[in-house]
Amino acid sequence: MALIAPNHIEAGTGRLLSLETATDQGADSGKYLFAAGDVLYSKIRPSLAKVVLAPCDGLCSADMYPLKARAKLSEPFLKWFLLSTGFTAWATVESDRVAMPKINREKLNELPIAVPLRSEQTAIAAFLDRETAKIDALVDEQRRLIELLKEKRQAVISHAVTKGLDPTAPMKDSGVEWLGEVPAHWEVKPLRYAISKIESGVSVNAIDTPAETGELAVLKTSSVYTGNFDPTENKAVVLAEYDRVACPVRAGTLILSRMNTPELVGAAGLVHKDEPDIFLPDRLWQIHFSTLDAAFVHYWTQTDSYRGQIKSACAGTSSSMQNIAQDQLKSFWVAYPPVAEQTEIVGFLNRRTSNSDALRLEAESAVALLQERRAALISAAVTGKIDVRGLVKPEMEAA
């Protein structure tokens with residue numbers, strides 16, 4: 001039988017991402033039986049609003065509630081009610097009272113719900129099916145654009161830092177499989193020849209709020225999650241630990257995550273100005289360079305060549321938390337252009353990526369606005385703030 005769990009449902013949309021049998025998933029058992037048309041609601045982490053109409057008979061995990069509506073209530077209307085911001089806010093508050101965010105069935109059963117006539121419920125569900133489908137299509141389009149912009153950005157960076165900007169330059173085999181050919185006048189050697197110093201901080205007691213002016217802070221590893229350095233991602237050091245902090249953040253260096261999840265280990269950000277009151281934790285390195293421009297190296301850390309070497313260095317380590325050693329990082333192969341050419345490449349990439357990033361931010365803003373519109377539309381419809389009876393065709397109501 002089909003087995004549906006929270007990970008099969010898209011957050012906040014009511015859409016099913018995948019449908020597999022219990023055997024396909026290697027599941028030992030299911031918790032509840034459901035019938036086609038039942039409402040499946042994820043009781044854990046209700047802030048994610050994971051709700052879907054069952055497309056067939058099947059099983060759901062212990063983290064789901066299969067809900068059957070009584071005679072006066074329709075399942076499609078109930079689904080949209082459970083996706084409304086009002087319900088989600090209520091469920092989130094209730095679930096925060098336990099260690100693992102979860103809404104229990106008693107609380108769920110106690111919640112009052114305004115029930116329109118069945119004909120109005122049908123009209124509301126049909127209206128929301130139609131209008132949210134339009135919004136979802138626009139969101140998907142913007143997300144495809146975002147992915148294309150990211151792919152193009154990475155391709156431009158990879159080509160510039162491994163092939164240079166002159167398409168007529170003679171090429172040579174780098175001797176490194178993942179680099180391929182590089183300009184003939186470039187050198188190819190390990191990163192150690194460009195590093196003058198690697199610094200590391202220490203683990204200190206800090207509160208999980210950003211430091212205020214005049215306070216000392218320690219960076220979070222999230223300060224480089226985006227591939228750029230964000231000094232506001234820090235924690236205020238407790239006063240008793242002020243004499244233990246080490247390694248203040250310096251301009252012209254690269255902050256690199258030495259230990260993290262497989263996707264984020266090796267993430268790096270370029271420091272543009274001194275941050276004398278912000279210090280490194282033990283999981284971040286601050287790297288100083290000599291023969292390579294730190295900005296050039298920063299762009300290189302955003303290439304497949306770099307990520308491939310990170311993956312190889314972490315092979316055999318934990319699948320959830322990985323780490324690299326300094327000697328491993330220093331052994332990574334890099335193409336070394338002349339200093340003047342490095343400066344030219346950095347300037348070119350600064351211009352190209354700023355344009356690409358501006359377009360991506362516009363698309364991300366559009367997605368956020370569409371999602372806000374979607375949420376507002378659902379809440380207004382299920383609470384009767386808008387009358388949709390004349391906004392759907394009779395055949396849609398009947399369906």
# chains A, B, ... in the order shown; residues from 1 in each chain; ligands from 1

$ residues_around --residues "Glu241 (chain A)" --least-positions-apart "2" --cutoff "9 Å" --atoms "only C-alpha atoms" --output "PyMOL selection string"
chain A and resi 204-206+237-239+243-245

$ closest_atom_pairs --of "region 268-346 of chain A" --to "region 157-171 of chain A" --cutoff "10 Å" --atoms "only C-alpha atoms" --output "JSON lines"
{"residue": "A:Phe296", "atom": "CA", "partner": "A:Val161", "partner_atom": "CA", "distance": 7.5}
{"residue": "A:Val297", "atom": "CA", "partner": "A:Val161", "partner_atom": "CA", "distance": 8.7}
{"residue": "A:Tyr299", "atom": "CA", "partner": "A:Ile157", "partner_atom": "CA", "distance": 6.6}
{"residue": "A:Trp300", "atom": "CA", "partner": "A:Val161", "partner_atom": "CA", "distance": 6.3}
{"residue": "A:Thr301", "atom": "CA", "partner": "A:Ser158", "partner_atom": "CA", "distance": 9.5}
{"residue": "A:Gln302", "atom": "CA", "partner": "A:Ile157", "partner_atom": "CA", "distance": 7.5}
{"residue": "A:Thr303", "atom": "CA", "partner": "A:Ser158", "partner_atom": "CA", "distance": 5.2}
{"residue": "A:Asp304", "atom": "CA", "partner": "A:Ser158", "partner_atom": "CA", "distance": 7.3}
{"residue": "A:Ser305", "atom": "CA", "partner": "A:Ser158", "partner_atom": "CA", "distance": 7.9}
{"residue": "A:Tyr306", "atom": "CA", "partner": "A:Ser158", "partner_atom": "CA", "distance": 9.7}
{"residue": "A:Val334", "atom": "CA", "partner": "A:Thr162", "partner_atom": "CA", "distance": 8.4}
{"residue": "A:Ala335", "atom": "CA", "partner": "A:Thr162", "partner_atom": "CA", "distance": 6.3}
{"residue": "A:Tyr336", "atom": "CA", "partner": "A:Thr162", "partner_atom": "CA", "distance": 8.8}
{"residue": "A:Pro337", "atom": "CA", "partner": "A:Gly164", "partner_atom": "CA", "distance": 8.1}
{"residue": "A:Glu341", "atom": "CA", "partner": "A:Gly164", "partner_atom": "CA", "distance": 8.1}
{"residue": "A:Gln342", "atom": "CA", "partner": "A:Val161", "partner_atom": "CA", "distance": 8.3}
{"residue": "A:Glu344", "atom": "CA", "partner": "A:Leu165", "partner_atom": "CA", "distance": 8.5}
{"residue": "A:Ile345", "atom": "CA", "partner": "A:Ala160", "partner_atom": "CA", "distance": 6.5}
{"residue": "A:Val346", "atom": "CA", "partner": "A:Val161", "partner_atom": "CA", "distance": 8.8}

$ residues_around --residues "Ile103 (chain A)" --least-positions-apart "2" --cutoff "7 Å" --atoms "only C-alpha atoms" --output "count of residues only"
8

$ atom_distance --atom1 "CA of Leu284 (chain A)" --atom2 "CA of Val202 (chain A)"
9.3 Å

$ residues_around --residues "Gln121 (chain A)" --least-positions-apart "4" --cutoff "10 Å" --atoms "only C-alpha atoms" --output "PyMOL selection string"
chain A and resi 72-78+80+115-117+125-127+381-382+388-389+397

$ write_last_selection --atoms "C-alpha atoms" --output "PDB file, in the first residue's frame"
ATOM      1  CA  LYS A  72     -21.683  18.936   7.449  1.00  0.00           C
ATOM      2  CA  LEU A  73     -18.016  19.375   6.551  1.00  0.00           C
ATOM      3  CA  SER A  74     -16.231  18.544   3.299  1.00  0.00           C
ATOM      4  CA  GLU A  75     -12.659  17.262   3.160  1.00  0.00           C
ATOM      5  CA  PRO A  76     -11.532  19.740   0.447  1.00  0.00           C
ATOM      6  CA  PHE A  77     -12.724  22.682   2.581  1.00  0.00           C
ATOM      7  CA  LEU A  78     -11.095  21.162   5.675  1.00  0.00           C
ATOM      8  CA  TRP A  80      -7.819  24.574   2.950  1.00  0.00           C
ATOM      9  CA  VAL A 115     -18.614  25.840   8.904  1.00  0.00           C
ATOM     10  CA  PRO A 116     -20.325  27.361   5.845  1.00  0.00           C
ATOM     11  CA  LEU A 117     -23.093  25.638   3.933  1.00  0.00           C
ATOM     12  CA  ALA A 125     -12.493  24.775  -2.350  1.00  0.00           C
ATOM     13  CA  ALA A 126     -12.992  25.099  -6.120  1.00  0.00           C
ATOM     14  CA  PHE A 127     -12.007  28.774  -6.029  1.00  0.00           C
ATOM     15  CA  ALA A 381     -11.708  32.497   1.641  1.00  0.00           C
ATOM     16  CA  VAL A 382     -12.027  29.978   4.493  1.00  0.00           C
ATOM     17  CA  VAL A 388     -16.435  33.386  -3.796  1.00  0.00           C
ATOM     18  CA  ARG A 389     -19.875  32.018  -4.716  1.00  0.00           C
ATOM     19  CA  GLU A 397     -18.717  23.683  -7.695  1.00  0.00           C
TER      20      GLU A 397
END

$ residues_around --residues "region 246-262 of chain A" --least-positions-apart "2" --cutoff "6 Å" --atoms "only C-alpha atoms" --output "compact mmCIF listing (two decimals) with C-alpha atoms, in the first residue's frame"
# COMPACT_ATOMS: atom_id res chain seq x y z
CA GLY A 201 39.35 30.48 17.10
CA LEU A 264 28.16 23.34 3.83
CA VAL A 265 31.57 22.00 4.83
CA GLY A 266 34.12 24.19 3.05
CA ALA A 267 31.68 27.10 2.61
CA ALA A 268 33.67 30.33 2.52
CA GLY A 269 33.17 34.09 2.62
CA LEU A 270 35.46 37.03 1.83
CA VAL A 271 36.03 39.60 4.59
CA HIS A 272 35.85 43.16 3.24
CA LYS A 273 36.69 45.13 6.40
CA ASP A 274 38.23 44.61 9.84
CA GLU A 275 35.83 43.49 12.58
CA PRO A 276 38.00 43.97 15.70
CA ILE A 278 34.20 39.83 16.30
CA PHE A 279 36.23 36.65 16.82
CA LEU A 280 36.41 33.17 15.34
CA ARG A 283 34.81 25.52 13.62
CA LEU A 284 35.86 28.38 11.34
CA TRP A 285 39.26 29.18 9.85
CA GLN A 286 40.58 32.58 8.85
CA ILE A 287 42.93 32.16 5.89
CA HIS A 288 45.55 34.72 4.80
CA SER A 320 25.79 14.02 8.57
CA MET A 321 28.76 16.05 9.85
CA GLN A 322 32.01 16.25 7.89
CA ASN A 323 35.31 17.99 8.44
CA ILE A 324 38.51 18.75 6.55

$ select_by_dssp --residues "region 42-276 of chain A" --states "strand (DSSP E)" --output "ChimeraX atom specification"
/A:42,51-53,58-60,64-67,171-173,181-183,187-190,195-200,206-207,217-219,234-237,248-249,254-257,259-260,268-270,275-276

$ write_last_selection --atoms "C-alpha atoms" --output "PDB file, in the first residue's frame"
ATOM      1  CA  SER A  42       1.324  16.316   9.733  1.00  0.00           C
ATOM      2  CA  VAL A  51      -1.577  18.985   4.575  1.00  0.00           C
ATOM      3  CA  VAL A  52      -2.794  16.989   1.566  1.00  0.00           C
ATOM      4  CA  LEU A  53      -5.893  15.236   0.260  1.00  0.00           C
ATOM      5  CA  GLY A  58      -3.083   3.734   1.944  1.00  0.00           C
ATOM      6  CA  LEU A  59      -1.122   4.068   5.155  1.00  0.00           C
ATOM      7  CA  CYS A  60       0.357   7.103   6.859  1.00  0.00           C
ATOM      8  CA  MET A  64       0.384  12.052  10.449  1.00  0.00           C
ATOM      9  CA  TYR A  65      -3.305  12.311  11.304  1.00  0.00           C
ATOM     10  CA  PRO A  66      -5.782  11.000   8.706  1.00  0.00           C
ATOM     11  CA  LEU A  67      -8.911  13.139   9.118  1.00  0.00           C
ATOM     12  CA  MET A 171      46.001  26.287 -23.522  1.00  0.00           C
ATOM     13  CA  LYS A 172      47.821  23.396 -21.863  1.00  0.00           C
ATOM     14  CA  ASP A 173      46.805  20.264 -19.992  1.00  0.00           C
ATOM     15  CA  GLU A 181      43.058  22.591 -19.766  1.00  0.00           C
ATOM     16  CA  VAL A 182      44.235  25.942 -18.410  1.00  0.00           C
ATOM     17  CA  PRO A 183      45.956  28.901 -20.098  1.00  0.00           C
ATOM     18  CA  GLU A 187      50.767  27.666 -13.055  1.00  0.00           C
ATOM     19  CA  VAL A 188      48.914  24.736 -11.499  1.00  0.00           C
ATOM     20  CA  LYS A 189      49.960  23.798  -7.979  1.00  0.00           C
ATOM     21  CA  PRO A 190      48.550  23.057  -4.510  1.00  0.00           C
ATOM     22  CA  ILE A 195      48.514  30.454   1.944  1.00  0.00           C
ATOM     23  CA  SER A 196      50.586  32.512   4.363  1.00  0.00           C
ATOM     24  CA  LYS A 197      48.620  31.663   7.524  1.00  0.00           C
ATOM     25  CA  ILE A 198      45.546  29.811   8.766  1.00  0.00           C
ATOM     26  CA  GLU A 199      44.058  30.940  12.062  1.00  0.00           C
ATOM     27  CA  SER A 200      41.408  29.242  14.188  1.00  0.00           C
ATOM     28  CA  ALA A 206      28.068  32.979  24.221  1.00  0.00           C
ATOM     29  CA  ILE A 207      24.377  33.808  24.127  1.00  0.00           C
ATOM     30  CA  ALA A 217      31.122  38.548  19.616  1.00  0.00           C
ATOM     31  CA  VAL A 218      31.989  35.154  18.200  1.00  0.00           C
ATOM     32  CA  LEU A 219      30.959  34.185  14.667  1.00  0.00           C
ATOM     33  CA  ASN A 234      27.342  36.242  15.479  1.00  0.00           C
ATOM     34  CA  LYS A 235      26.702  35.531  19.166  1.00  0.00           C
ATOM     35  CA  ALA A 236      27.475  37.824  22.082  1.00  0.00           C
ATOM     36  CA  VAL A 237      30.294  36.466  24.241  1.00  0.00           C
ATOM     37  CA  PRO A 248      39.664  38.852  15.454  1.00  0.00           C
ATOM     38  CA  VAL A 249      38.222  39.071  11.937  1.00  0.00           C
ATOM     39  CA  LEU A 254      38.747  34.166   3.755  1.00  0.00           C
ATOM     40  CA  ILE A 255      36.524  32.727   6.505  1.00  0.00           C
ATOM     41  CA  LEU A 256      36.016  29.009   5.845  1.00  0.00           C
ATOM     42  CA  SER A 257      33.857  26.386   7.559  1.00  0.00           C
ATOM     43  CA  MET A 259      33.295  21.300   9.897  1.00  0.00           C
ATOM     44  CA  ASN A 260      29.689  21.143   8.779  1.00  0.00           C
ATOM     45  CA  ALA A 268      33.666  30.334   2.523  1.00  0.00           C
ATOM     46  CA  GLY A 269      33.170  34.089   2.617  1.00  0.00           C
ATOM     47  CA  LEU A 270      35.459  37.029   1.835  1.00  0.00           C
ATOM     48  CA  GLU A 275      35.828  43.490  12.575  1.00  0.00           C
ATOM     49  CA  PRO A 276      37.999  43.974  15.696  1.00  0.00           C
TER      50      PRO A 276
END
